[in-house]
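Trainee: Take a look at the following structure, please.
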Amino acid sequence: MLLVACGGSSASRPPPETASGGAPESAPVETGTGKSTPTDQPSSPAVPTECADPAAAVCTPPGDFVDRLCARTHADLALALFAKATPFTRLYLRGKMDELAFDEEVLALRYHAVPKGGIQVGGADGSYDVLRWDGTCSTAVDADMLTKARPHRPRSAHLAWHRLSDKMQDALIVGSDAVKKAHRSRGKECQGAMTGDVSAACAKADAALVDAVVEYVRAGGSLPAPAAP
């Protein structure tokens, strides 16, 4: 991979962590008899709410959840995971790396340490699997290409509006006047086009809609619960 290192110092790099296992067990729930019944477990939430390893320097979701998340694109889940209230560590690209853009915001999913005594591939600080705003995962991103230091205007991967569920689209339009206005403008300029060759005006309107969605989510806007991966 062609890397172009850019800006920052090693002090701002996310410190390595030890990859950890699955989500914590659910606590027993109360029944009508007042007795604790371990067999009546509540269903696991679609979005984890705690770090896989609370002691780690970088907060990541549980490993089994990451496996399911990265099996395919999950547009709704990406918005839910990037929501303001989630504890997971945000990282930012220090340079362009393949499809990842300079200053792009990603979510830390899993850390891979350099094998002791093994062949070193990539950076000396290990690598991360990360989630992008479009719901896709990028694997083995060199840790020295990532920083916790938030840029003035972090970028986001271009999420596709048509990949969001109807429930998520409706919630965004109802919850944000900016999203509603941008969605209306996109419809006018794009005339129903989702992908492929589009006019410059359509591309601009589409980008404005993405920006409105990202800003709404970053600001803590209300979102419906997504389906589990």
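Ordering of the structure tokens sets the chain letters (A, B, ...), residue numbers begin anew at 1 in every chain, and ligands are numbered from 1 in the order given.
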Going by DSSP on the backbone, which bits of stretch 96-153 of chain A are strand (DSSP E or B)? Write them as a list of chain:residue names, please.

Mentor: A:Met97, A:Leu100, A:Glu104, A:Glu105, A:Val106, A:Leu107, A:Ala108, A:Leu109, A:Arg110, A:Tyr111, A:His112, A:Ser127, A:Tyr128, A:Asp129, A:Val130, A:Leu131, A:Cys137, A:Ser138, A:Thr139, A:Ala140, A:Val141, A:Asp142, A:Leu146, A:Thr147

Trainee: Those selected residues, please, written with C-alpha atoms and delivered as a PDB file, in the first residue's frame.

Mentor:
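Output contents, as saved in out15.pdb:
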ATOM      1  CA  MET A  97      -4.042   5.415   2.413  1.00  0.00           C
ATOM      2  CA  LEU A 100      -8.963   6.267   3.052  1.00  0.00           C
ATOM      3  CA  GLU A 104     -10.911  10.983   7.497  1.00  0.00           C
ATOM      4  CA  GLU A 105     -12.669  10.004  10.715  1.00  0.00           C
ATOM      5  CA  VAL A 106     -12.876   6.280  11.448  1.00  0.00           C
ATOM      6  CA  LEU A 107     -13.895   4.176  14.432  1.00  0.00           C
ATOM      7  CA  ALA A 108     -11.371   1.829  16.076  1.00  0.00           C
ATOM      8  CA  LEU A 109     -12.607  -1.760  15.889  1.00  0.00           C
ATOM      9  CA  ARG A 110      -9.638  -4.002  16.674  1.00  0.00           C
ATOM     10  CA  TYR A 111      -5.903  -3.693  17.266  1.00  0.00           C
ATOM     11  CA  HIS A 112      -3.320  -6.073  15.782  1.00  0.00           C
ATOM     12  CA  SER A 127      -2.342  -1.946  12.881  1.00  0.00           C
ATOM     13  CA  TYR A 128      -6.069  -1.411  13.356  1.00  0.00           C
ATOM     14  CA  ASP A 129      -9.259  -2.613  11.765  1.00  0.00           C
ATOM     15  CA  VAL A 130     -11.517   0.436  11.482  1.00  0.00           C
ATOM     16  CA  LEU A 131     -15.089   1.324  10.552  1.00  0.00           C
ATOM     17  CA  CYS A 137     -14.537  -1.848   7.364  1.00  0.00           C
ATOM     18  CA  SER A 138     -10.904  -1.271   6.447  1.00  0.00           C
ATOM     19  CA  THR A 139      -8.462  -3.801   7.842  1.00  0.00           C
ATOM     20  CA  ALA A 140      -4.816  -3.609   8.868  1.00  0.00           C
ATOM     21  CA  VAL A 141      -4.504   0.181   8.770  1.00  0.00           C
ATOM     22  CA  ASP A 142      -1.039   1.020  10.114  1.00  0.00           C
ATOM     23  CA  LEU A 146      -3.761   7.118  12.689  1.00  0.00           C
ATOM     24  CA  THR A 147      -4.084   9.699  15.426  1.00  0.00           C
TER      25      THR A 147
END

Trainee: For A:Phe102, find every residue with an atom within 10 Å (counting only C-alpha atoms), except residues of its own chain fewer than 3 positions away, and show them as a list in words.

Mentor: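 Near A:Phe102, the qualifying residues are Val4, Ala5, Cys6, Tyr92, Leu93, Arg94, Gly95, Lys96, Met97, Glu99, Glu105, Met145, Leu146, Pro151, Pro154, Arg155 and Ser156 of chain A.
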
Trainee: Could those selected residues go to a file with N, CA and C atoms, as a compact mmCIF listing (two decimals), in the first residue's frame?

Mentor:
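Output below, filename again-v6.txt:
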# COMPACT_ATOMS: atom_id res chain seq x y z
N VAL A 4 1.24 8.00 2.39
CA VAL A 4 1.82 9.35 2.41
C VAL A 4 1.65 9.90 3.80
N ALA A 5 2.67 9.78 4.65
CA ALA A 5 2.56 10.24 6.03
C ALA A 5 2.39 11.74 6.04
N CYS A 6 1.58 12.20 7.00
CA CYS A 6 1.29 13.63 6.98
C CYS A 6 1.00 14.14 8.36
N TYR A 92 -8.22 9.35 13.31
CA TYR A 92 -8.18 10.20 12.11
C TYR A 92 -6.94 9.89 11.30
N LEU A 93 -7.11 9.86 9.99
CA LEU A 93 -6.01 9.52 9.10
C LEU A 93 -4.99 10.64 9.04
N ARG A 94 -3.73 10.28 9.21
CA ARG A 94 -2.63 11.25 9.14
C ARG A 94 -2.14 11.44 7.71
N GLY A 95 -2.69 10.69 6.78
CA GLY A 95 -2.33 10.79 5.38
C GLY A 95 -3.26 9.93 4.55
N LYS A 96 -3.17 10.02 3.26
CA LYS A 96 -4.01 9.22 2.38
C LYS A 96 -3.51 7.78 2.35
N MET A 97 -4.42 6.83 2.40
CA MET A 97 -4.04 5.42 2.41
C MET A 97 -5.09 4.62 1.65
N GLU A 99 -8.12 3.76 -0.15
CA GLU A 99 -9.38 4.50 -0.28
C GLU A 99 -9.61 5.48 0.85
N GLU A 105 -12.32 10.54 9.40
CA GLU A 105 -12.67 10.00 10.71
C GLU A 105 -13.09 8.54 10.58
N MET A 145 -0.37 5.59 10.95
CA MET A 145 -1.13 6.44 10.03
C MET A 145 -2.38 7.01 10.68
N LEU A 146 -2.56 6.70 11.97
CA LEU A 146 -3.76 7.12 12.69
C LEU A 146 -3.40 7.96 13.90
N PRO A 151 -8.85 16.61 13.74
CA PRO A 151 -8.55 17.77 12.89
C PRO A 151 -9.67 18.80 12.98
N PRO A 154 -12.81 17.22 10.31
CA PRO A 154 -12.63 15.82 9.93
C PRO A 154 -13.51 15.44 8.74
N ARG A 155 -12.96 14.61 7.89
CA ARG A 155 -13.72 14.14 6.73
C ARG A 155 -14.44 12.84 7.07
N SER A 156 -15.34 12.46 6.19
CA SER A 156 -16.06 11.19 6.38
C SER A 156 -16.16 10.48 5.04

Trainee: Give me, please, the distance in Å between atom CA of A:Ala149 and atom CA of A:Leu81, quoted to one decimal.

Mentor: 19.1 Å

Trainee: Using only C-alpha atoms for the distances, tell me which of A:Ile173, A:Ala83, A:Val213, A:Ala228 is nearest to A:Val66.

Mentor: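 Smallest separation from A:Val66 among the options: A:Ala228.
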
Trainee: May I ask which of the residues A:Leu172, A:Val214, A:Ala157, A:Leu209 is the closest one to A:Glu189, counting only C-alpha atoms?

Mentor: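 Result for the nearest residue to A:Glu189: A:Leu209.
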
Trainee: For A:His183, work out the shell of residues within 12 Å, counting only C-alpha atoms and skipping chain neighbours fewer than 4 positions away, then give it as a list of chain:residue names.

Mentor: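 With the cut-off at 12 Å, the set is A:Trp161, A:His162, A:Gln169, A:Asp170, A:Leu172, A:Ile173, A:Val174, A:Ser176, A:Asp177, A:Ala178, A:Val179, A:Gly187, A:Lys188, A:Glu189, A:Cys190, A:Gln191, A:Gly192, A:Cys202, A:Lys204, A:Ala205, A:Asp206, A:Ala207, A:Ala208, A:Leu209, A:Val210, A:Asp211, A:Ala212, A:Val213.
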
Trainee: With distances taken over only C-alpha atoms, which of A:Thr86, A:Val47, A:Ala160, A:Pro229 is nearest to A:Ala203?

Mentor: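 Checking each candidate against A:Ala203, we get A:Ala160 as the closest.
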